[in-house]
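These notes concern the structure reproduced below.
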Amino acid sequence: MEKAVNRVLLAFKTWEERKKEIEPLLKAGAADVHAMSLLQLDHLRQAKHRLRQTVRHDEKPFMLLLNRQIARLEKQLYPNLLRRIFSQLKDSLFEGPAYLRKLQQRRNNNIEKLKIYLRETGLGSIAGRLENHLDPELRSVAVPLACQLDPENRLTFTLFFEKDAQGDFQMESLHTALRYKGVIGQAYHFQLKDWPGLQANQAWSLLEGRALKQTYTDASGHETRRWVEMGKYGIQHYDPDYAFDVKTALHAMPAITRNKEELIRYLENGQQVQTHWKKGGQYQSIYIQADPANRCIKLLDDKLRPITAEKLNQNLARQGLKVKTLDIPIQKMRKGVKNGHQH
């Protein structure tokens with residue numbers, strides 16, 4: 001089990017990082033030691049307010065260190081006892097509660113936006129308890145999520161959240177893996193800045209070897225689309241002008257049934273679609289998926305085995321012959337029966 005981060009020590013560490021950022025201003029004369037101490041006091045007081053209600057047993061000894069450091073800074077900044085008491089009361093009665101209210105409102109808004117995003121991308125199964133994962137004291141959090149596809153296959157996600165410059169959590173990346181009997185078969189780490197609006201089912205499709213049409217922003221800042229699929233060395237991108245159009249490919253195969261606009265949407269999303277192959281009034285159940293590498297629609301039979309249009313037509317032709325053969329003796333028998341007597 002992963003050891004919990006000591007959030008009190010993290011507050012001290014965060015201050016040291018901020019101090020390094022401010023030190024050039026000290027050297028330039030834009031700030032002084034007094035201003036630095038005030039900033040440190042505000043930082044530690046805010047950490048104390050945030051942690052007071054949620055401090056863990058293992059963190060309590062470190063809270064004593066935090067309180068002592070706050071008391072030392074207060075004595076240094078406010079040597080006059082009355083001024084020091086006034087500052088403490090002001091912090092505990094007004095500034096602290098106001099800070100916590102503002103912080104909670106911001107966090108609620110942040111969590112709600114993330115929940116909406118997760119639901120829209122098909123990762124909403126963790127949304128209900130998201131706030132339990134995103135500890136406000138942490139700057140980065142990894143949240144695991146798993147989906148059992150069948151008794152032997154499992155699809156796992158790890159969602160990586162990072163705090164932005166405003167202190168709000170944003171989902172930065174998504175690691176996905178297909179596991180067969182616990183062993184990783186295919187995996188990929190998606191940086192979401194390169195995959196805006198990436199859906200969970202799209203990641204799954206790519207891992208299973210299906211191509212999809214990706215929306216992305218090019219170097220000139222324009223939003224455009226291109227075909228992508230998982231190759232030997234990771235994600236393979238096709239040029240936006242690559243000559244493969246699903247609508248044209250479907251038009252060349254009129255035997256594929258189902259609404260064409262619906263099929264285009266599913267195929268460009270990387271999905272494997274169940275439909276039928278129709279020929280001469282006969283139907284055969286098939287699956288189809290986009291195949292930009294060969295500029296065609298890939299056909300699979302009802303057992304998900306690759307099959308050709310010619311083979312499908314042959315199957316339906318044989319099926320039609322069987323039906324006609326079975327019909328002949330039945331028709332003859334009916335003709336031989338008249339008024340309840342056989343002739």
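Ordering of the structure tokens sets the chain letters (A, B, ...), residue numbers begin anew at 1 in every chain, and ligands are numbered from 1 in the order given.
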Quiz item: Can you list, as a list in words, every protein, DNA or RNA residue that comes within 9 Å of Glu152 in chain A when you count only C-alpha atoms, leaving out same-chain residues fewer than 5 positions away?
Solution: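 Those residues are Arg179, Tyr180, Lys181 and Gly182 of chain A.
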Exercise. Going by DSSP on the backbone, which bits of range 40-210 of chain A are strand (DSSP E)? Write them as a ChimeraX atom specification, please.
Key: /A:140-148,153-163,169-180,183-191
Exercise. Determine which residues of range 144-306 of chain A DSSP labels as alpha helix (DSSP H) from the backbone of this structure, then write them out as a VMD selection string.
Key: chain A and resid 200 to 207 246 to 251 260 to 268
Self-check item: Of the listed residues A:Gln76, A:Thr14, A:Thr224, A:Gln314, that which approaches Ala47 in chain A most closely, counting only C-alpha atoms
Solution: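 Checking each of A:Gln76, A:Thr14, A:Thr224, A:Gln314 against Ala47 in chain A, counting only C-alpha atoms, the winner is A:Thr14.
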Practice problem: Write out as a list in words the residues lying within 12 Å of Thr158 in chain A, counting only C-alpha atoms and excluding same-chain residues fewer than 5 positions away. | Solution: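 Residues near the query, excluding close chain neighbours: Leu123, Ile126, Val141, Ala142, Val143, Pro144, Leu145, Ala146, Cys147, Met171, Glu172, Ser173, Leu174, His175, Thr176, Ala177, Ala187, Tyr188, His189, Phe190 and Ala200 of chain A.
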If you keep all heavy atoms, can you produce a file of those selected residues as a short mmCIF file (atom, residue, chain, number, x, y, z; two decimals), in the first residue's frame?
```
data_model
loop_
_atom_site.label_atom_id
_atom_site.label_comp_id
_atom_site.auth_asym_id
_atom_site.auth_seq_id
_atom_site.Cartn_x
_atom_site.Cartn_y
_atom_site.Cartn_z
N LEU A 123 -15.48 8.36 -18.19
CA LEU A 123 -14.71 7.96 -17.00
C LEU A 123 -15.45 8.33 -15.72
O LEU A 123 -14.85 8.47 -14.66
CB LEU A 123 -13.33 8.63 -17.02
CG LEU A 123 -12.43 8.23 -18.19
CD1 LEU A 123 -11.27 9.21 -18.33
CD2 LEU A 123 -11.90 6.81 -18.01
N ILE A 126 -15.73 7.16 -11.43
CA ILE A 126 -15.03 7.64 -10.22
C ILE A 126 -15.53 9.02 -9.80
O ILE A 126 -15.14 9.53 -8.77
CB ILE A 126 -13.50 7.72 -10.43
CG1 ILE A 126 -13.14 8.78 -11.47
CG2 ILE A 126 -12.92 6.39 -10.76
CD1 ILE A 126 -11.73 9.26 -11.36
N VAL A 141 -1.96 13.96 -8.27
CA VAL A 141 -2.66 12.77 -7.79
C VAL A 141 -2.88 11.81 -8.94
O VAL A 141 -3.23 12.23 -10.05
CB VAL A 141 -4.03 13.14 -7.16
CG1 VAL A 141 -4.77 11.89 -6.70
CG2 VAL A 141 -3.86 14.11 -5.99
N ALA A 142 -2.67 10.51 -8.69
CA ALA A 142 -2.96 9.47 -9.67
C ALA A 142 -4.13 8.65 -9.15
O ALA A 142 -4.09 8.14 -8.03
CB ALA A 142 -1.73 8.59 -9.89
N VAL A 143 -5.17 8.51 -9.97
CA VAL A 143 -6.38 7.79 -9.57
C VAL A 143 -6.56 6.57 -10.48
O VAL A 143 -6.72 6.72 -11.68
CB VAL A 143 -7.63 8.69 -9.66
CG1 VAL A 143 -8.87 7.93 -9.22
CG2 VAL A 143 -7.45 9.94 -8.80
N PRO A 144 -6.55 5.35 -9.90
CA PRO A 144 -6.72 4.15 -10.73
C PRO A 144 -8.19 3.84 -10.98
O PRO A 144 -9.06 4.17 -10.18
CB PRO A 144 -6.09 3.06 -9.85
CG PRO A 144 -6.32 3.54 -8.44
CD PRO A 144 -6.27 5.05 -8.49
N LEU A 145 -8.45 3.22 -12.12
CA LEU A 145 -9.81 2.83 -12.51
C LEU A 145 -9.69 1.59 -13.39
O LEU A 145 -8.83 1.53 -14.25
CB LEU A 145 -10.47 3.97 -13.27
CG LEU A 145 -11.91 3.79 -13.74
CD1 LEU A 145 -12.85 3.65 -12.57
CD2 LEU A 145 -12.34 4.97 -14.61
N ALA A 146 -10.55 0.60 -13.15
CA ALA A 146 -10.47 -0.64 -13.92
C ALA A 146 -11.83 -1.06 -14.43
O ALA A 146 -12.86 -0.77 -13.82
CB ALA A 146 -9.87 -1.75 -13.07
N CYS A 147 -11.84 -1.74 -15.57
CA CYS A 147 -13.07 -2.23 -16.19
C CYS A 147 -12.84 -3.67 -16.64
O CYS A 147 -11.93 -3.93 -17.43
CB CYS A 147 -13.44 -1.35 -17.37
SG CYS A 147 -14.88 -1.94 -18.29
N MET A 171 -7.05 17.44 -15.14
CA MET A 171 -6.58 16.13 -15.60
C MET A 171 -5.58 16.33 -16.71
O MET A 171 -5.91 16.89 -17.76
CB MET A 171 -7.77 15.29 -16.07
CG MET A 171 -7.39 13.85 -16.32
SD MET A 171 -8.86 12.82 -16.55
CE MET A 171 -8.20 11.57 -17.64
N GLU A 172 -4.35 15.92 -16.48
CA GLU A 172 -3.25 16.18 -17.42
C GLU A 172 -3.00 15.03 -18.37
O GLU A 172 -2.65 15.23 -19.52
CB GLU A 172 -1.96 16.48 -16.64
CG GLU A 172 -2.00 17.78 -15.84
CD GLU A 172 -2.05 19.00 -16.74
OE1 GLU A 172 -1.30 19.03 -17.72
OE2 GLU A 172 -2.84 19.91 -16.46
N SER A 173 -3.15 13.80 -17.87
CA SER A 173 -2.83 12.65 -18.73
C SER A 173 -3.62 11.43 -18.30
O SER A 173 -4.23 11.40 -17.23
CB SER A 173 -1.32 12.35 -18.70
OG SER A 173 -0.90 12.05 -17.37
N LEU A 174 -3.59 10.42 -19.17
CA LEU A 174 -4.36 9.20 -18.95
C LEU A 174 -3.52 8.02 -19.42
O LEU A 174 -3.12 7.95 -20.59
CB LEU A 174 -5.67 9.27 -19.75
CG LEU A 174 -6.56 8.04 -19.73
CD1 LEU A 174 -7.18 7.84 -18.36
CD2 LEU A 174 -7.66 8.16 -20.79
N HIS A 175 -3.25 7.11 -18.49
CA HIS A 175 -2.52 5.89 -18.86
C HIS A 175 -3.52 4.76 -18.99
O HIS A 175 -4.34 4.53 -18.10
CB HIS A 175 -1.47 5.54 -17.80
CG HIS A 175 -0.62 4.37 -18.19
ND1 HIS A 175 0.47 4.50 -19.04
CD2 HIS A 175 -0.71 3.05 -17.88
CE1 HIS A 175 1.01 3.31 -19.23
NE2 HIS A 175 0.32 2.42 -18.54
N THR A 176 -3.46 4.05 -20.10
CA THR A 176 -4.41 2.95 -20.34
C THR A 176 -3.63 1.67 -20.64
O THR A 176 -2.53 1.70 -21.21
CB THR A 176 -5.33 3.26 -21.53
OG1 THR A 176 -4.52 3.45 -22.71
CG2 THR A 176 -6.13 4.52 -21.29
N ALA A 177 -4.21 0.55 -20.24
CA ALA A 177 -3.56 -0.74 -20.49
C ALA A 177 -4.61 -1.83 -20.63
O ALA A 177 -5.61 -1.84 -19.91
CB ALA A 177 -2.60 -1.08 -19.36
N ALA A 187 -0.35 -1.03 -24.01
CA ALA A 187 -0.52 0.11 -23.09
C ALA A 187 -0.07 1.39 -23.78
O ALA A 187 0.76 1.36 -24.70
CB ALA A 187 0.27 -0.11 -21.81
N TYR A 188 -0.63 2.50 -23.32
CA TYR A 188 -0.22 3.81 -23.87
C TYR A 188 -0.55 4.90 -22.86
O TYR A 188 -1.56 4.82 -22.15
CB TYR A 188 -0.92 4.09 -25.20
CG TYR A 188 -0.32 5.27 -25.93
CD1 TYR A 188 0.89 5.16 -26.60
CD2 TYR A 188 -0.96 6.52 -25.92
CE1 TYR A 188 1.46 6.23 -27.26
CE2 TYR A 188 -0.40 7.60 -26.58
CZ TYR A 188 0.81 7.45 -27.24
OH TYR A 188 1.37 8.52 -27.89
N HIS A 189 0.31 5.93 -22.82
CA HIS A 189 0.11 7.08 -21.93
C HIS A 189 -0.28 8.28 -22.79
O HIS A 189 0.53 8.77 -23.58
CB HIS A 189 1.38 7.38 -21.14
CG HIS A 189 1.16 8.30 -19.98
ND1 HIS A 189 0.87 7.85 -18.72
CD2 HIS A 189 1.14 9.64 -19.91
CE1 HIS A 189 0.70 8.88 -17.90
NE2 HIS A 189 0.87 9.98 -18.60
N PHE A 190 -1.52 8.74 -22.63
CA PHE A 190 -2.04 9.86 -23.43
C PHE A 190 -1.84 11.19 -22.69
O PHE A 190 -2.32 11.35 -21.57
CB PHE A 190 -3.54 9.69 -23.69
CG PHE A 190 -3.89 8.50 -24.53
CD1 PHE A 190 -4.16 7.27 -23.95
CD2 PHE A 190 -3.95 8.60 -25.91
CE1 PHE A 190 -4.49 6.16 -24.72
CE2 PHE A 190 -4.27 7.51 -26.70
CZ PHE A 190 -4.54 6.28 -26.10
N ALA A 200 -12.98 7.49 -23.26
CA ALA A 200 -12.48 6.21 -22.76
C ALA A 200 -12.59 5.12 -23.82
O ALA A 200 -11.67 4.31 -24.00
CB ALA A 200 -13.26 5.80 -21.51
#
```
Practice problem: Just the residues within 6 Å of Leu178 in chain A, please, counting only C-alpha atoms, with nothing from its chain fewer than 4 positions along; format it as number ranges by chain. | Solution: A: 154-155, 184-186
Self-check item: Long-range neighbours of range 227-231 of chain A as a list of chain:residue names, 8 Å cut-off, only C-alpha atoms, 5 positions minimum in chain
Solution: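 So, after excluding close chain neighbours, the residues are A:Leu206, A:Leu207, A:Gly209, A:Arg210, A:Ala211, A:Leu212, A:Lys213, A:Gln214, A:Gln236, A:His237, A:Tyr238, A:Asp239, A:Pro240, A:Pro292.
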Take the selection from the previous step and output its residues with N, CA and C atoms, as a short mmCIF file (atom, residue, chain, number, x, y, z; two decimals), in the first residue's frame.
```
data_model
loop_
_atom_site.label_atom_id
_atom_site.label_comp_id
_atom_site.auth_asym_id
_atom_site.auth_seq_id
_atom_site.Cartn_x
_atom_site.Cartn_y
_atom_site.Cartn_z
N LEU A 206 -8.09 2.17 -29.67
CA LEU A 206 -6.69 2.26 -30.11
C LEU A 206 -5.87 1.10 -29.56
N LEU A 207 -6.08 0.76 -28.29
CA LEU A 207 -5.32 -0.35 -27.69
C LEU A 207 -5.66 -1.68 -28.37
N GLY A 209 -6.28 -2.01 -31.44
CA GLY A 209 -5.78 -2.00 -32.81
C GLY A 209 -6.68 -1.37 -33.84
N ARG A 210 -7.74 -0.67 -33.37
CA ARG A 210 -8.63 -0.01 -34.33
C ARG A 210 -8.22 1.45 -34.51
N ALA A 211 -8.42 1.95 -35.73
CA ALA A 211 -8.06 3.34 -36.05
C ALA A 211 -9.23 4.26 -35.76
N LEU A 212 -8.94 5.51 -35.49
CA LEU A 212 -9.99 6.52 -35.31
C LEU A 212 -9.52 7.85 -35.87
N LYS A 213 -10.48 8.76 -36.05
CA LYS A 213 -10.17 10.08 -36.57
C LYS A 213 -10.05 11.03 -35.39
N GLN A 214 -8.84 11.55 -35.19
CA GLN A 214 -8.54 12.39 -34.03
C GLN A 214 -8.68 13.87 -34.35
N GLN A 236 0.49 5.97 -34.33
CA GLN A 236 0.88 6.35 -35.69
C GLN A 236 -0.13 7.35 -36.23
N HIS A 237 0.37 8.50 -36.71
CA HIS A 237 -0.50 9.55 -37.24
C HIS A 237 -0.44 9.56 -38.77
N TYR A 238 -1.61 9.70 -39.37
CA TYR A 238 -1.69 9.87 -40.82
C TYR A 238 -1.81 11.37 -41.12
N ASP A 239 -1.27 11.79 -42.24
CA ASP A 239 -1.39 13.18 -42.65
C ASP A 239 -2.87 13.55 -42.81
N PRO A 240 -3.27 14.76 -42.38
CA PRO A 240 -4.68 15.16 -42.52
C PRO A 240 -5.22 15.02 -43.94
N PRO A 292 -7.78 2.64 -42.31
CA PRO A 292 -7.13 3.66 -43.14
C PRO A 292 -5.85 3.17 -43.81
#
```
Quiz item: So, counting only C-alpha atoms, which residue among A:Asn269, A:Gln40, A:Gln104, A:Thr54 is closest to Arg225 in chain A?
Solution: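 Of A:Asn269, A:Gln40, A:Gln104, A:Thr54, the one nearest Arg225 in chain A is A:Asn269, counting only C-alpha atoms.
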Quiz item: Rounded to one decimal in Å, what is the spacing between CA of Glu208 in chain A and CA of Thr121 in chain A?
Solution: 18.3 Å
Self-check item: Top pick for closest residue to Ser205 in chain A, considering A:Glu261, A:Asp241, A:Gln289, A:Leu73 and counting only C-alpha atoms
Solution: A:Gln289
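Here CA of Gln166 in chain A and CA of Ala71 in chain A stand 28.3 Å from one another.
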Quiz item: Expressed in Å to a single decimal, how great is the separation between CA of Lys75 in chain A and CA of Ser92 in chain A?
Solution: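 That distance, rounded to one decimal, is 16.4 Å.
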Quiz item: Neighbours of range 58-70 of chain A within 7 Å (only C-alpha atoms; same-chain residues fewer than 5 positions away dropped), as a ChimeraX atom specification?
Solution: /A:6,8,41,44-45
Quiz prompt | Selected residue, from A:Leu316, A:Pro79, A:Glu162, A:Gln199, that lies nearest to Gly124 in chain A when counting only C-alpha atoms | solution =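 Among A:Leu316, A:Pro79, A:Glu162, A:Gln199, it is A:Gln199 that comes nearest to Gly124 in chain A.
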